[in-house]
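One structure is given here, and the rest of the page talks about it.
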Amino acid sequence: MQRAIYLIEECNVRPESIFIATFTEKAAKELVTRITNELANRNITANINEMYIGTFHSLCLRMLKEHLEYTRLRRNYRLMDSFDQQYMVFQNIHRFRSIPEIEIVLPNGGAWKQAETICNFVNNLSEELVSPEELMSDHDPSIASLGRMLQEYRTILTEANLMDFSSIQIEAYRLLCDNEGILNELRSAITHIMVDEYQDTNYIQEQLVFLLAGERKNICVVGDDDQGLYRFRGATIRNILEFPQKFANGECRIIPLVINYRSNSDIVDFYNRWMDTTDGAKFKFRWENFRYEKRIEPHEKSALHSPAVVKLAGVNDEDEWHEKILQFINNLKTSGKLMDYNQIAFLFNSVKHPRVTALARFLEENHINVYSPRSDMFFQRDEIRLALGCLMLMFPFYVQGLENGEYTFLQPEHLTYYRNCIMLANEYLMQPEHTDLLKWIRRRGKDHVSLTDATDYAYCGLMYQMFEFQPFAGILDTDMDVGVVDIRPARNLAKLTQIIGKFEYLHRVDVLSADKYRGKRGIDANTELLFNLYLRLLYDGGITEYEDDSEYAPSGCVSFLTIHQSKGMEFPIVFVDSLTNVPRKTTNDLMMTIEDRYFKRPAFEPYEVTKFFDFWRLYYTAFSRAQDLLILTCNEDKRTPSAYFKEVYDELQSVDSEAFDIREFNFKSVKAVNVKSTYSFTSHITVYETCALQYKFYRELEFMPVRANAMLFGTLVHETIEDVHRAALRHEEQTITEENVNRWFASNYVSLTKTEHTYLAGPQREAALKQVLRYVERQHGDWSAIQQAEVDVSLVKPDYIIEGKVDLIRGEGDTVEIVDFKAERKPDMEKMRDRLERYRRQLHIYAHLVEERTGRKVSKMHLYYTGEDGGVPTITYPYTKSAVEGTLASFDDTVHKIMKKDFRHCADDPKVCAGCDFRFYCRNK
DNA sequence: GCGCGAATAGTTTTT
DNA sequence: CTATTCGCGC
């Protein structure tokens, strides 16, 4: 971070020449915040918007988006998370099963399990840049069929315009390798490359870094070879250990950072000792050359008599262990040493383990809130069980099917879960004060049983109707400032709408219909699909609850983290659990063979010791999170702590011992993170100003809107006009013909209807196309004025960042004009007046940012306003400094209201509520 | 009581 | 995949 500031300030390096890659979004956000704050403090105006800063994945995505036409991707591609990926393979499993000899590599078993295997192979191979062609020509039939599997997978991706996590990086790598022009452009733009946590990079990431660096090789990497935790996704510490060898003698400077400012010296001694304990009853290994020679030194000797590393154990009794932990935390609290529960973190191998969730439940029962978003509690939460139960009750045929045991393929745990949801819902509905919800559900149930045509809603829409009743309305009514645990039900309901919305998207469900489908009524077939397949798989895979990046550790809560999650963080008091764990082998034989033959470099760390290395590094990372007090904790039994910890564990004093004295400690408070949020005009400011409640639901809580197709019209016009501009910018004006516009329009329509999951009626479609053609016509083939399209602009304020995208700048010399487009199906003149005023303010901001960014004066602002009923009116606004100032001030005001989470008021104009899913909730109802 | 093989129980991490 | 337990033979 300091280096980035130093480069910008002292060396006059332009921010847009700096490339910084991190591994997590959170780290990237933190970095942006600190850099912008520091620059602001020193009164340096720099546009960090153009700076390449983010995770490897986000940076690769950015490069791809900027050059989409050079990739296999088309616009509106869909980015899949790992569940989506597996679900996609699952849905296409027949295509994989029909590959000849596939049975050698695919174990028998369910389609879902096989999909998982396929995803694992595909991801691993991709991260190492292994191509399907080379595998297919291998004489080993299992390797050859893996090659065919990979090829089939890639074919599906291309056909459906999809992308997964590992293809992001491959596509970016291909883009740079295959297009010298783009590579050179980037190489000359980027002069300084920095990578954080370099020990966690994998092969393709290393290749990307050196590819971008070119001959200049101006690369600065930071990392700790002892904290490499991501072998399972291809990361290898060889990248950092061998880094110096990639440079000529003396060209690479190594700066060892061995002084530790984080931890008490007892803690530092403890984890140094841990790394030296490589020989014990069950194990013996040596680090040899696989560890950089260093010894971490504490910055000062501990001033305490009391040990700062202790153990806290129950003996063969989980309840006793729980009690002891509770008592310890309560003691801390009553001693006044603990200011906030967030000073305490518990680290685990996994937070999904029943032992961990049991502890969390126990602490919560005893009034200590636990923040543990990755512990897969989503489906266990009351609000989710109740919502699912009520939803099922609206489909009596499905409930009947469950009760009659018709769904024999469901596991007992799923049956139990669904039945419990129904029971919970029934119990709730039987209470007299909830009869209105009961009546409504019964009414829906009857409708669905006797459905003869189709409803005008699907599952997600039904949920929104249900939110009108208690307890859902009450949950939605929660104020945003109540703290993570109290707002959790609202966030979980939002997540549920996202999940169900995605189901409707994936299976093209937009109404419930009585039409026959696979021998059943569509409504019944879809309901079974939703619960018996989709939600069941999600239930098995687990859903992470909302994670708050804006706070280091949420105030008022003890944090439960995986060790992986905790990396890069520090806490005053750290409990390390998971001492039952043992080193485990992670590789499989087939991948080993492929590694030998097809990976671009031979194996690095010896195969027999990697499991020890990984194990030691994992716990080194865990232990070194502690600042003031490190506590090893477990419920001791035969195998806990495991033999690997025995030696270091036995030496520790217990918290009960007299040597340990809590009064000597002074605990630091957790550092404030204060990440700057980024707001954009259209998706934040305008939404908030239109209706703060809509902002709360759609933006803050991220409820999934039930889409109306009104917005499709605008997007369609917009995107096709962008295609026209792109052609002009490539100096291919001759390709801007009616025929091509038709083609661009058609292809945009296809991809948009896929992603937006809605369509435009014929006449509306015609009208949209006509709008584009009319715009083209008006230019009379003269595109010379077009200079630059899609300029990203950002404004860095002390506590937030505004971001926007200008459609088009045109003009010569110092003076430019900016142009924006708005398209709407049926412009309503009364509504428009208010809207146009907003657009004008938006244009003012853009103009201001363009001036700041390009150093060119903006003379005019044009808005093309297009609609179904004809004409392409251009509205031209004057650009004045004083108007900008006024706008900036009101803008600032709005953002601050958003940051204060002031979402209580509602729109003034009842008309804006027409398309809102939360109409019932609104005071304008 | 010891050595040995077989059976059995518990069982992740992430962009 | 590892560690523990069980059964069996000696």
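Every chain in the structure tokens takes a letter, A first, then B, and so on in the order presented; its residues are numbered from 1, and the ligands are numbered from 1 following the presented order.
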request  = May I have the residues of chain A within 10 Å of chain C, counting only C-alpha atoms (C1' of nucleotides), written as a VMD selection string?
outcome  = chain A and resid 582 to 586 638 to 639 642
Output all heavy atoms for every residue in that selection, as a compact mmCIF listing (two decimals), in the first residue's frame.
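Final file, result.txt:
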# COMPACT_ATOMS: atom_id res chain seq x y z
N VAL A 582 -5.72 -34.11 11.50
CA VAL A 582 -4.44 -34.74 11.16
C VAL A 582 -4.11 -34.45 9.71
O VAL A 582 -5.00 -34.14 8.93
CB VAL A 582 -4.52 -36.27 11.35
CG1 VAL A 582 -4.67 -36.64 12.81
CG2 VAL A 582 -5.64 -36.85 10.53
N PRO A 583 -2.84 -34.55 9.35
CA PRO A 583 -2.48 -34.31 7.95
C PRO A 583 -3.12 -35.37 7.06
O PRO A 583 -3.16 -36.54 7.43
CB PRO A 583 -0.96 -34.46 7.93
CG PRO A 583 -0.53 -34.34 9.34
CD PRO A 583 -1.66 -34.83 10.17
N ARG A 584 -3.62 -34.97 5.93
CA ARG A 584 -4.24 -35.94 5.02
C ARG A 584 -3.75 -35.77 3.60
O ARG A 584 -3.47 -34.66 3.15
CB ARG A 584 -5.76 -35.78 5.05
CG ARG A 584 -6.35 -36.12 6.36
CD ARG A 584 -7.85 -35.85 6.33
NE ARG A 584 -8.54 -36.90 5.61
CZ ARG A 584 -9.63 -36.68 4.90
NH1 ARG A 584 -10.11 -35.48 4.77
NH2 ARG A 584 -10.25 -37.67 4.31
N LYS A 585 -3.68 -36.90 2.94
CA LYS A 585 -3.27 -36.90 1.54
C LYS A 585 -4.38 -36.28 0.70
O LYS A 585 -5.56 -36.51 0.95
CB LYS A 585 -3.06 -38.34 1.11
CG LYS A 585 -2.17 -38.52 -0.09
CD LYS A 585 -2.00 -39.99 -0.36
CE LYS A 585 -2.36 -40.25 -1.80
NZ LYS A 585 -2.26 -41.67 -2.16
N THR A 586 -4.03 -35.48 -0.28
CA THR A 586 -5.07 -34.80 -1.03
C THR A 586 -5.07 -35.12 -2.52
O THR A 586 -6.01 -34.81 -3.22
CB THR A 586 -4.93 -33.27 -0.90
OG1 THR A 586 -3.58 -32.94 -1.17
CG2 THR A 586 -5.34 -32.80 0.45
N LYS A 638 -9.50 -39.36 23.40
CA LYS A 638 -8.44 -40.26 22.91
C LYS A 638 -7.66 -39.68 21.76
O LYS A 638 -6.46 -39.81 21.64
CB LYS A 638 -9.07 -41.59 22.49
CG LYS A 638 -9.30 -42.53 23.63
CD LYS A 638 -9.07 -43.96 23.17
CE LYS A 638 -8.73 -44.87 24.35
NZ LYS A 638 -9.84 -44.97 25.31
N ARG A 639 -8.40 -39.06 20.83
CA ARG A 639 -7.72 -38.58 19.64
C ARG A 639 -7.64 -37.05 19.58
O ARG A 639 -7.34 -36.48 18.53
CB ARG A 639 -8.40 -39.12 18.38
CG ARG A 639 -9.90 -39.01 18.39
CD ARG A 639 -10.47 -39.37 17.06
NE ARG A 639 -10.47 -40.82 16.80
CZ ARG A 639 -10.82 -41.36 15.64
NH1 ARG A 639 -11.17 -40.59 14.65
NH2 ARG A 639 -10.83 -42.66 15.47
N SER A 642 -4.67 -34.40 18.50
CA SER A 642 -4.03 -35.47 17.76
C SER A 642 -2.53 -35.47 18.03
O SER A 642 -1.97 -34.50 18.53
CB SER A 642 -4.29 -35.31 16.26
OG SER A 642 -3.55 -34.22 15.75
Among stretch 690-771 of chain A, which residues does DSSP mark as alpha helix (DSSP H) when it is run on the backbone? Keep the chain and numbering as in the structure and answer as a PDB file with C-alpha atoms, in the first residue's frame.
ATOM      1  CA  THR A 690     -36.937   7.480  -6.166  1.00  0.00           C
ATOM      2  CA  ALA A 692     -35.605   4.725  -0.109  1.00  0.00           C
ATOM      3  CA  LEU A 693     -37.533   1.591   0.728  1.00  0.00           C
ATOM      4  CA  GLN A 694     -36.863   0.109  -2.662  1.00  0.00           C
ATOM      5  CA  ALA A 710     -40.303  -2.888 -19.307  1.00  0.00           C
ATOM      6  CA  MET A 711     -36.575  -2.467 -18.809  1.00  0.00           C
ATOM      7  CA  LEU A 712     -35.707  -4.888 -21.569  1.00  0.00           C
ATOM      8  CA  PHE A 713     -36.725  -2.350 -24.170  1.00  0.00           C
ATOM      9  CA  GLY A 714     -34.217   0.202 -22.919  1.00  0.00           C
ATOM     10  CA  THR A 715     -31.362  -2.219 -22.526  1.00  0.00           C
ATOM     11  CA  LEU A 716     -31.933  -3.637 -25.974  1.00  0.00           C
ATOM     12  CA  VAL A 717     -31.857  -0.237 -27.658  1.00  0.00           C
ATOM     13  CA  HIS A 718     -28.884   0.753 -25.585  1.00  0.00           C
ATOM     14  CA  GLU A 719     -26.781  -2.281 -26.357  1.00  0.00           C
ATOM     15  CA  THR A 720     -27.446  -2.151 -30.067  1.00  0.00           C
ATOM     16  CA  ILE A 721     -26.480   1.518 -30.186  1.00  0.00           C
ATOM     17  CA  GLU A 722     -23.294   0.520 -28.403  1.00  0.00           C
ATOM     18  CA  ASP A 723     -22.601  -1.986 -31.174  1.00  0.00           C
ATOM     19  CA  VAL A 724     -23.030   0.786 -33.701  1.00  0.00           C
ATOM     20  CA  HIS A 725     -20.596   2.979 -31.820  1.00  0.00           C
ATOM     21  CA  ARG A 726     -18.089   0.210 -31.505  1.00  0.00           C
ATOM     22  CA  ALA A 727     -18.092  -0.253 -35.243  1.00  0.00           C
ATOM     23  CA  ALA A 728     -17.530   3.474 -35.674  1.00  0.00           C
ATOM     24  CA  LEU A 729     -14.697   3.431 -33.171  1.00  0.00           C
ATOM     25  CA  GLU A 738     -29.443  -1.585 -41.875  1.00  0.00           C
ATOM     26  CA  GLU A 739     -28.703  -5.250 -42.387  1.00  0.00           C
ATOM     27  CA  ASN A 740     -25.967  -5.295 -39.737  1.00  0.00           C
ATOM     28  CA  VAL A 741     -27.990  -3.279 -37.278  1.00  0.00           C
ATOM     29  CA  ASN A 742     -30.704  -5.878 -37.706  1.00  0.00           C
ATOM     30  CA  ARG A 743     -28.196  -8.603 -36.984  1.00  0.00           C
ATOM     31  CA  TRP A 744     -26.727  -6.910 -33.919  1.00  0.00           C
ATOM     32  CA  PHE A 745     -30.188  -6.250 -32.644  1.00  0.00           C
ATOM     33  CA  ALA A 746     -31.257  -9.859 -33.123  1.00  0.00           C
ATOM     34  CA  SER A 747     -28.227 -11.257 -31.359  1.00  0.00           C
ATOM     35  CA  ASN A 748     -28.628  -8.845 -28.452  1.00  0.00           C
ATOM     36  CA  TYR A 749     -32.246  -9.816 -28.228  1.00  0.00           C
ATOM     37  CA  VAL A 750     -31.396 -13.475 -28.004  1.00  0.00           C
ATOM     38  CA  SER A 751     -28.768 -13.081 -25.303  1.00  0.00           C
ATOM     39  CA  LEU A 752     -30.816 -10.572 -23.330  1.00  0.00           C
ATOM     40  CA  THR A 753     -33.940 -12.682 -23.268  1.00  0.00           C
ATOM     41  CA  LYS A 754     -31.775 -15.492 -21.976  1.00  0.00           C
ATOM     42  CA  THR A 755     -30.217 -13.547 -19.145  1.00  0.00           C
ATOM     43  CA  GLU A 756     -33.228 -11.425 -18.285  1.00  0.00           C
ATOM     44  CA  GLY A 762     -43.522  -8.421 -31.448  1.00  0.00           C
ATOM     45  CA  PRO A 763     -44.644  -4.803 -31.861  1.00  0.00           C
ATOM     46  CA  GLN A 764     -42.449  -3.675 -28.954  1.00  0.00           C
ATOM     47  CA  ARG A 765     -39.520  -5.402 -30.499  1.00  0.00           C
ATOM     48  CA  GLU A 766     -40.190  -3.729 -33.831  1.00  0.00           C
ATOM     49  CA  ALA A 767     -40.391  -0.383 -32.083  1.00  0.00           C
ATOM     50  CA  ALA A 768     -37.079  -0.921 -30.324  1.00  0.00           C
ATOM     51  CA  LEU A 769     -35.350  -1.814 -33.562  1.00  0.00           C
ATOM     52  CA  LYS A 770     -36.915   1.206 -35.236  1.00  0.00           C
ATOM     53  CA  GLN A 771     -35.433   3.429 -32.531  1.00  0.00           C
TER      54      GLN A 771
END
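Every chain B residue lying within 10 Å of chain A, based on only C-alpha atoms (C1' of nucleotides), is listed here: B:DT11, B:DT12, B:DT13, B:DT14, B:DT15.
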Would you save the residues from that selection as a short mmCIF file (atom, residue, chain, number, x, y, z; two decimals), in the first residue's frame, using all heavy atoms?
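Result went into out17.cif, see below:
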data_model
loop_
_atom_site.label_atom_id
_atom_site.label_comp_id
_atom_site.auth_asym_id
_atom_site.auth_seq_id
_atom_site.Cartn_x
_atom_site.Cartn_y
_atom_site.Cartn_z
P DT B 11 -16.05 -36.01 12.45
OP1 DT B 11 -16.10 -35.11 13.60
OP2 DT B 11 -17.25 -36.25 11.62
"O5'" DT B 11 -14.87 -35.52 11.48
"C5'" DT B 11 -14.24 -36.49 10.62
"C4'" DT B 11 -13.85 -35.83 9.32
"O4'" DT B 11 -13.72 -36.86 8.33
"C3'" DT B 11 -14.89 -34.85 8.76
"O3'" DT B 11 -14.24 -33.77 8.10
"C2'" DT B 11 -15.68 -35.68 7.78
"C1'" DT B 11 -14.63 -36.65 7.25
N1 DT B 11 -15.23 -37.94 6.84
C2 DT B 11 -14.60 -38.69 5.87
O2 DT B 11 -13.56 -38.35 5.35
N3 DT B 11 -15.25 -39.84 5.52
C4 DT B 11 -16.45 -40.30 6.05
O4 DT B 11 -16.95 -41.36 5.66
C5 DT B 11 -17.05 -39.47 7.08
C7 DT B 11 -18.33 -39.89 7.74
C6 DT B 11 -16.41 -38.35 7.41
P DT B 12 -14.99 -32.50 7.71
OP1 DT B 12 -14.39 -31.44 8.49
OP2 DT B 12 -16.45 -32.72 7.76
"O5'" DT B 12 -14.61 -32.34 6.20
"C5'" DT B 12 -15.02 -31.23 5.46
"C4'" DT B 12 -14.07 -30.06 5.68
"O4'" DT B 12 -12.73 -30.46 5.31
"C3'" DT B 12 -14.42 -28.88 4.80
"O3'" DT B 12 -14.19 -27.68 5.54
"C2'" DT B 12 -13.51 -29.01 3.63
"C1'" DT B 12 -12.25 -29.63 4.27
N1 DT B 12 -11.49 -30.48 3.36
C2 DT B 12 -10.10 -30.48 3.45
O2 DT B 12 -9.50 -29.80 4.26
N3 DT B 12 -9.47 -31.30 2.55
C4 DT B 12 -10.06 -32.10 1.60
O4 DT B 12 -9.38 -32.77 0.84
C5 DT B 12 -11.51 -32.05 1.56
C7 DT B 12 -12.24 -32.85 0.57
C6 DT B 12 -12.14 -31.26 2.43
P DT B 13 -14.88 -26.40 5.01
OP1 DT B 13 -15.32 -25.60 6.15
OP2 DT B 13 -15.80 -26.75 3.92
"O5'" DT B 13 -13.61 -25.69 4.35
"C5'" DT B 13 -12.58 -25.17 5.17
"C4'" DT B 13 -11.48 -24.64 4.29
"O4'" DT B 13 -10.72 -25.73 3.77
"C3'" DT B 13 -11.99 -23.87 3.06
"O3'" DT B 13 -11.91 -22.49 3.35
"C2'" DT B 13 -11.02 -24.25 1.95
"C1'" DT B 13 -10.19 -25.37 2.52
N1 DT B 13 -10.20 -26.62 1.69
C2 DT B 13 -9.02 -27.32 1.56
O2 DT B 13 -7.97 -26.96 2.06
N3 DT B 13 -9.13 -28.44 0.80
C4 DT B 13 -10.26 -28.94 0.18
O4 DT B 13 -10.21 -29.97 -0.47
C5 DT B 13 -11.46 -28.16 0.38
C7 DT B 13 -12.73 -28.62 -0.22
C6 DT B 13 -11.36 -27.05 1.13
P DT B 14 -13.12 -21.60 2.76
OP1 DT B 14 -13.17 -20.42 3.62
OP2 DT B 14 -14.33 -22.40 2.51
"O5'" DT B 14 -12.55 -21.17 1.35
"C5'" DT B 14 -11.31 -20.47 1.25
"C4'" DT B 14 -11.22 -19.88 -0.14
"O4'" DT B 14 -11.08 -20.96 -1.10
"C3'" DT B 14 -12.46 -19.11 -0.57
"O3'" DT B 14 -12.08 -17.97 -1.32
"C2'" DT B 14 -13.22 -20.08 -1.46
"C1'" DT B 14 -12.11 -20.91 -2.08
N1 DT B 14 -12.51 -22.29 -2.36
C2 DT B 14 -12.10 -22.87 -3.54
O2 DT B 14 -11.42 -22.28 -4.36
N3 DT B 14 -12.53 -24.16 -3.72
C4 DT B 14 -13.31 -24.91 -2.86
O4 DT B 14 -13.63 -26.05 -3.13
C5 DT B 14 -13.69 -24.24 -1.64
C7 DT B 14 -14.52 -24.96 -0.63
C6 DT B 14 -13.28 -22.99 -1.45
P DT B 15 -13.05 -16.71 -1.39
OP1 DT B 15 -12.50 -15.75 -0.43
OP2 DT B 15 -14.45 -17.15 -1.31
"O5'" DT B 15 -12.80 -16.16 -2.86
"C5'" DT B 15 -11.57 -15.55 -3.18
"C4'" DT B 15 -11.40 -15.59 -4.68
"O4'" DT B 15 -11.32 -16.97 -5.08
"C3'" DT B 15 -12.58 -14.98 -5.44
"O3'" DT B 15 -12.13 -13.84 -6.16
"C2'" DT B 15 -13.05 -16.06 -6.39
"C1'" DT B 15 -12.01 -17.15 -6.29
N1 DT B 15 -12.56 -18.52 -6.27
C2 DT B 15 -11.91 -19.50 -6.98
O2 DT B 15 -10.90 -19.28 -7.62
N3 DT B 15 -12.47 -20.75 -6.91
C4 DT B 15 -13.60 -21.11 -6.20
O4 DT B 15 -14.01 -22.26 -6.21
C5 DT B 15 -14.23 -20.05 -5.47
C7 DT B 15 -15.44 -20.34 -4.65
C6 DT B 15 -13.68 -18.82 -5.53
#
Picked from stretch 262-384 of chain A by DSSP as strand (DSSP E), as a PyMOL selection string = chain A and resi 297-298+309-315+344-348+369-371
